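One structure is given below, encoded as structure tokens.
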Amino acid sequence: MSFVQNFPCFSIVLCMVAGILSTPMKGKQAKNLTLVVVTLVALMSIATLGYVIGTGESYTYMMGRFPAPWGNEIRVGILEALTATVFALVMLFSLLGGMDHVFKDINESKINLYFILVDLLLSSLLAIIYTNDLFTGYVFVEINTIAACGMIMIRESGRSLIAATRYMVMSLIGSGLFLISLAMLYDITGHLLMEDAHEAMIRLTQSGQYEIPLLVIISLLTVGLAIKSGLYPFHSWMPDAYGYSTISSSSILSSLVSKSYIILLIKIFYRVIGFDTIITSKIVNVLFVFGLIGMIMGSVSAIMAKDIYKMIAYSSVAQIGYVYMGIGLATEAGMAAAIFHILTHAITKSLLFLSAKGLNDASGRKRVYPALQGAAFRNPLAGAAFAVGSLSMVGIPMLAGFISKILFATSALGSDPKKVLPTLIVLSVSTILNAVYFLHTVVRIYTPVGEPGEFKGVRIHMAVGAAAALFCLIALNFVLGLYSQPITDLIQQGIQMFA
Amino acid sequence: MTVAYLLGAAILLPILAGFLLLFTQGKWKNRTVKCLFLFLVFVITTIFSVKLMLVGDYQFPLWKLTDTLEVLVRMDHLTRLFLGMTVAAWTLGGVFAFEYMKHEQKEDRYFGFYLIVLGVLIALDHAGNLVTLYLFFELMTLTSLPLVLHNLSHEAVMAGLKYLFYSVAGAFAALFGIFYLYSHGAGSMFAEGGYLADISYTGSQGMTLLVLFLMILGFGTKAGMFPMHGWLPTAHPVAPAPASAVLSGIITKSGVLAIIRVVFYTAGADYLRGTWVQYAWMTLTLITVFMGSMMAYKEQVLKKRLAYSTVSQVSYILFGLSLLNVSGIVGALSHFVFHSVVKNCLFLCAGAVIYKTGKTMVKDLKGIGKEMPITMWCFTLVSVTLVGIPPTSGFVSKWYLATGSLETGMTGYAWAGPIILLLSAMLTAGYLLPVSILAFFPGHQYDYEQVQKREPNLLMLVPMGLFTIAAVVFGIFPGTFMNYLQKIAMTVL
């Protein structure tokens, strides 16, 4: 067994240990520890990714070498390693980009608590990505929820408390449904390990037993995770949660946390229930329809939003809609497009949040549009970053968003003929709506206030870390836009490894 | 591979020079040095482009976006035509701006974006498949936006937004079509005569016609075709005059280029002939021709009048294309060149007047011909050309358009075309010639004592003069040029 194979397990454990170690630390120390850990996790994930690409097959790893059902298993394939890499990187950039706000927004005595939550969140994200065991999945989903709640709430302002409560209520409903479905699944298959459950599932579907419970399981599971990831119409918690928490939290929540549930959902679809069963259950059609509605409604709400964070948050609703639409196409290409969009959205949304924060800083921390006028001149890097992120979301060629749209469109054409036209039409309409609110904002931040030359005095210089984070995210956007083929190939291989 | 490097240089040189200017805004101490630098960039870009045009036809991928999508460049006669026109107009407009921009603020930013758009346009003219076309089309919209936004007044920002939203909406309508064509095995290359009628194309006919119509409509947005023309009369006049000139003269034509590529190099004229798409397209262009002229006739601000005139004139070109026959295409392509020359010149003249006198309304131009005789002579000569009085170039192109229309033999349309063209020509005379009349014959109340010479300097006069000479020469000796266009038209049908 190669040493690299230990890395996924190490990274999960490392994060947890870091969380524990941070408890007695001061804020600054906890911050440094967390940054080191996240960087290490990113490096280890890259190494793991390289290893799996090298061997060309996935492997399962028994924690502590105890075989199931006593021990716990994780499974590493290309898709897992790829998502872990991107997630760790985005996490690192989000933290760096919003660091000054973390120290401003949060009570000094609680800063180390924030980093404990971040560590826990990262460990649970990784565990959700890697796990090969349904119940472990559930446990980490809960840890994830609690850590995320804490990250929203830690700002301790009135709105963030309300937002955290709403988030918690919705999330718990989601986890509840998910738990019920797992319980029923365990009941009829007798297994929690994904492979074993899958075998039992195949036997059941072939013999035609438990048809109705199976349908209930699939629905509960899907709805539960859809609520947690904020699929329209279960999105009502999103604008507040993203809009009122400290910016690193918003960025992490919108780009990573809600996406991790979708990854888990895809994993369960393929590795436990079997994609054919999912297709025959018609649940994908439901996801498809709600995805389409979400794409439109999210954008409409974003157009009507009056502050920039809420606009970005509503745009997330639309983007989640894209992802579910891709899953709803019920083809491998659609799934690949959805996963690619998860990655695109992770890097773009964090870029948007962080650059919006930069613009916001340059406008006296006011977030309504009129205050942001001309902000791009006061903070040029944030302005450029916001422009790149917006153009990517709108789908301008050479940026990641364009490749996502192309993948969605081409995969739509290979799917059920009834879905082709709705997909293409909604894709175009939503793109135009995206253009309306994003480009409007871009023009606004590039419109000077008053006489030219007046605003030079209030220029803001960003911290080195924040600037580096923005640079890296912009670069990643271009990489995904220009060199998408290797990534899409990896995603495709990863999906094949699932089966 | 040397061609690839040459092409890369031609595209990147203006773009990099543009970025250099953007990053060194306000740091150029000596204006003459800056202008010389700009001039050098224009000249070298022109030399590169001319060299590329002389290499002969070529086609090669520049970049792979994904395994199936590549950025493909292509040189053929159409590229040569558009490329030549672009660099010529851009250089002359640039020289004009050396003087004109003295009275505008932030000229470094203006020149920076002006150069970047040039690079993007060179790439756009080279586009060898639909994705490449779309890519550079979007980039062109985005990089030309700052030219519209230039003075950042409330009016300019609103105009810029309008420009942006119309363009983006149009481009996405086209993108929808590109998705559809790609998924059915078309669009990854251009070929003379199109290939949708081939067996290998799997799309259904009804749907294909619909997406083709959407693409014509979408790319037609840039060309100001009804019903997506609303942005043009708002956006063009707010830009500085040399920018309005190239926006009207060249950038609207990229919509024409895109439509030619879609209709004649992807779909094929035979695929569209006689379908509802052709009828709808003809109807829209005829409506635009007439409506644009009417609006221009009513408009009192000179630059707006010229912008409405662009709406009308570019649709002449589109009308010619919609005829789908040789005469129509020859008429369209020649009108493309003539209108570019003429409209550039008209906007530059209007700019010269604004620069020297600050007058923008037509009624204020009384007697301006006495003060700026050369400028107004240029204005008058190219106006006559645009109206289409023989032996000027406008007559030649309209002749081909009218005969092309009659050749189609389509009931109603065969005759409606020439009639509307004639009506519109009359209106053109009605909105352009009074300007000259007012300028040269101010009437007996005009105080001749007060006349002061206000002719602009050579930097402005030479570009206007060259455009005027081009417009006149094309009209008197159209033979070789028309033969060349005829050759293009024969190959694409």
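Numbering starts fresh at 1 for the residues of each chain in the structure tokens, the chains themselves are lettered A, B, ... in the order given, and ligands are numbered from 1 as they appear.
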Per DSSP on the backbone, what are the helix (DSSP H, G or I) residues of region 148-307 of chain A, as a PyMOL selection string?
chain A and resi 148-153+158-189+194-207+211-229+238-244+247-273+275-281+283-304
Residue contacts of region 208-221 of chain A (12 Å, only C-alpha atoms) excluding same-chain residues fewer than 6 positions away, as an MDAnalysis selection string:
chainID A and resid 134 138 173:189 200:202 227:228 261:262 264:269 272:275 277:287
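Distances to Arg155 (chain A) were evaluated for A:Thr431, A:Ser58, A:Gln496, A:Ser250 using only C-alpha atoms, and the minimum falls at A:Ser250.
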Please report, as JSON lines, each residue of chain A lying at most 10 Å from chain B, together with the nearest pair of atoms and the separation in Å rounded to one decimal; use only C-alpha atoms, and order rows by chain and ascending residue number.
```
{"residue": "A:Leu391", "atom": "CA", "partner": "B:Leu142", "partner_atom": "CA", "distance": 9.7}
{"residue": "A:Val394", "atom": "CA", "partner": "B:Val168", "partner_atom": "CA", "distance": 9.5}
{"residue": "A:Gly395", "atom": "CA", "partner": "B:Phe172", "partner_atom": "CA", "distance": 9.6}
{"residue": "A:Ile396", "atom": "CA", "partner": "B:Glu138", "partner_atom": "CA", "distance": 6.9}
{"residue": "A:Pro397", "atom": "CA", "partner": "B:Leu135", "partner_atom": "CA", "distance": 5.4}
{"residue": "A:Met398", "atom": "CA", "partner": "B:Leu135", "partner_atom": "CA", "distance": 7.8}
{"residue": "A:Phe402", "atom": "CA", "partner": "B:Leu135", "partner_atom": "CA", "distance": 9.8}
{"residue": "A:Ile403", "atom": "CA", "partner": "B:Leu65", "partner_atom": "CA", "distance": 8.3}
{"residue": "A:Lys405", "atom": "CA", "partner": "B:Phe179", "partner_atom": "CA", "distance": 9.6}
{"residue": "A:Ile406", "atom": "CA", "partner": "B:Phe179", "partner_atom": "CA", "distance": 7.3}
{"residue": "A:Leu407", "atom": "CA", "partner": "B:Phe179", "partner_atom": "CA", "distance": 9.8}
{"residue": "A:Phe408", "atom": "CA", "partner": "B:Phe179", "partner_atom": "CA", "distance": 9.9}
{"residue": "A:Ala409", "atom": "CA", "partner": "B:Phe179", "partner_atom": "CA", "distance": 6.4}
{"residue": "A:Thr410", "atom": "CA", "partner": "B:Ser183", "partner_atom": "CA", "distance": 6.0}
{"residue": "A:Ser411", "atom": "CA", "partner": "B:Ser183", "partner_atom": "CA", "distance": 8.9}
{"residue": "A:Ala412", "atom": "CA", "partner": "B:Ser183", "partner_atom": "CA", "distance": 9.4}
{"residue": "A:Leu413", "atom": "CA", "partner": "B:Ser183", "partner_atom": "CA", "distance": 6.5}
{"residue": "A:Gly414", "atom": "CA", "partner": "B:Ser183", "partner_atom": "CA", "distance": 8.2}
{"residue": "A:Val420", "atom": "CA", "partner": "B:Tyr180", "partner_atom": "CA", "distance": 9.9}
{"residue": "A:Leu421", "atom": "CA", "partner": "B:Tyr180", "partner_atom": "CA", "distance": 10.0}
{"residue": "A:Leu424", "atom": "CA", "partner": "B:Phe176", "partner_atom": "CA", "distance": 7.0}
{"residue": "A:Ile425", "atom": "CA", "partner": "B:Phe176", "partner_atom": "CA", "distance": 8.0}
{"residue": "A:Leu427", "atom": "CA", "partner": "B:Phe176", "partner_atom": "CA", "distance": 8.7}
{"residue": "A:Ser428", "atom": "CA", "partner": "B:Phe172", "partner_atom": "CA", "distance": 6.4}
{"residue": "A:Val429", "atom": "CA", "partner": "B:Phe172", "partner_atom": "CA", "distance": 8.7}
{"residue": "A:Thr431", "atom": "CA", "partner": "B:Phe172", "partner_atom": "CA", "distance": 7.7}
{"residue": "A:Ile432", "atom": "CA", "partner": "B:Ala169", "partner_atom": "CA", "distance": 6.0}
{"residue": "A:Leu433", "atom": "CA", "partner": "B:Ala169", "partner_atom": "CA", "distance": 9.3}
{"residue": "A:Ala435", "atom": "CA", "partner": "B:Val168", "partner_atom": "CA", "distance": 7.3}
{"residue": "A:Val436", "atom": "CA", "partner": "B:Phe165", "partner_atom": "CA", "distance": 6.9}
{"residue": "A:Leu439", "atom": "CA", "partner": "B:Leu164", "partner_atom": "CA", "distance": 8.1}
{"residue": "A:His440", "atom": "CA", "partner": "B:Leu161", "partner_atom": "CA", "distance": 7.1}
{"residue": "A:Val443", "atom": "CA", "partner": "B:Leu161", "partner_atom": "CA", "distance": 7.5}
{"residue": "A:Arg444", "atom": "CA", "partner": "B:Val157", "partner_atom": "CA", "distance": 8.7}
{"residue": "A:Tyr446", "atom": "CA", "partner": "B:Leu152", "partner_atom": "CA", "distance": 9.3}
{"residue": "A:Thr447", "atom": "CA", "partner": "B:Leu152", "partner_atom": "CA", "distance": 6.7}
{"residue": "A:Pro448", "atom": "CA", "partner": "B:Leu152", "partner_atom": "CA", "distance": 7.4}
{"residue": "A:Val449", "atom": "CA", "partner": "B:Leu152", "partner_atom": "CA", "distance": 9.6}
{"residue": "A:Gly450", "atom": "CA", "partner": "B:Ser153", "partner_atom": "CA", "distance": 9.7}
{"residue": "A:Glu451", "atom": "CA", "partner": "B:Leu152", "partner_atom": "CA", "distance": 9.8}
{"residue": "A:Pro452", "atom": "CA", "partner": "B:Gln105", "partner_atom": "CA", "distance": 9.2}
{"residue": "A:Leu480", "atom": "CA", "partner": "B:Leu65", "partner_atom": "CA", "distance": 9.5}
{"residue": "A:Gly481", "atom": "CA", "partner": "B:Leu65", "partner_atom": "CA", "distance": 7.4}
{"residue": "A:Leu482", "atom": "CA", "partner": "B:Leu65", "partner_atom": "CA", "distance": 5.5}
{"residue": "A:Tyr483", "atom": "CA", "partner": "B:Leu65", "partner_atom": "CA", "distance": 6.3}
{"residue": "A:Ser484", "atom": "CA", "partner": "B:Thr66", "partner_atom": "CA", "distance": 6.1}
{"residue": "A:Gln485", "atom": "CA", "partner": "B:Thr66", "partner_atom": "CA", "distance": 4.7}
{"residue": "A:Pro486", "atom": "CA", "partner": "B:Thr66", "partner_atom": "CA", "distance": 8.4}
{"residue": "A:Ile487", "atom": "CA", "partner": "B:Thr66", "partner_atom": "CA", "distance": 9.8}
{"residue": "A:Thr488", "atom": "CA", "partner": "B:Thr66", "partner_atom": "CA", "distance": 8.6}
{"residue": "A:Asp489", "atom": "CA", "partner": "B:Asp67", "partner_atom": "CA", "distance": 9.8}
```
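Every protein or nucleic acid residue with an atom no more than 9 Å from Gly351 (chain B), counting only C-alpha atoms and leaving out same-chain residues fewer than 2 positions away, appears here: B:Tyr100, B:Pro240, B:Ala241, B:Pro242, B:Ala245, B:Lys303, B:Leu346, B:Phe347, B:Leu348, B:Cys349, B:Val353, B:Ile354, B:Tyr355, B:Lys356.
Shortest separation to Ser436 (chain B) among B:Ser49, B:Thr408, B:Thr375, B:Gln25 occurs at residue B:Thr375, atoms counted being only C-alpha atoms.
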Contacts of Lys366 (chain A) at 12 Å or less, counting only C-alpha atoms, minus same-chain residues fewer than 2 places along, as a PyMOL selection string?
chain A and resi 306-309+356-364+368-373+375
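Across the structure, CA of Glu155 (chain B) and CA of Gly26 (chain B) are spaced 25.0 Å apart.
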Give me the residues near Leu209 (chain B) as a ChimeraX atom specification, where near means some atom within 10 Å (using only C-alpha atoms) and where sequence neighbours in that chain fewer than 6 positions away do not count.
/B:177,203,215,267,271-272,275-278
Can you pull out every residue within 9 Å of Leu62 (chain B), counting only C-alpha atoms, but drop anything in the same chain fewer than 5 positions away, and send it as a PyMOL selection string?
chain B and resi 4+70-73
Give me, as a ChimeraX atom specification, all polymer residues having an atom no more than 8 Å from Val289 (chain B), counting only C-alpha atoms and skipping those fewer than 5 positions away in the same chain.
/B:311-313,315-316,420-421,424
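In this model, the gap between CA of Met140 (chain B) and CA of Ser322 (chain B) comes to 24.8 Å.
Nearest to Phe395 (chain B) of all the residues B:Ile476, B:Ile374, B:Leu302, B:Leu432 is B:Ile476, based on only C-alpha atoms.
Picture a line from CA of Pro434 (chain B) to CA of His335 (chain B); it runs 23.0 Å.
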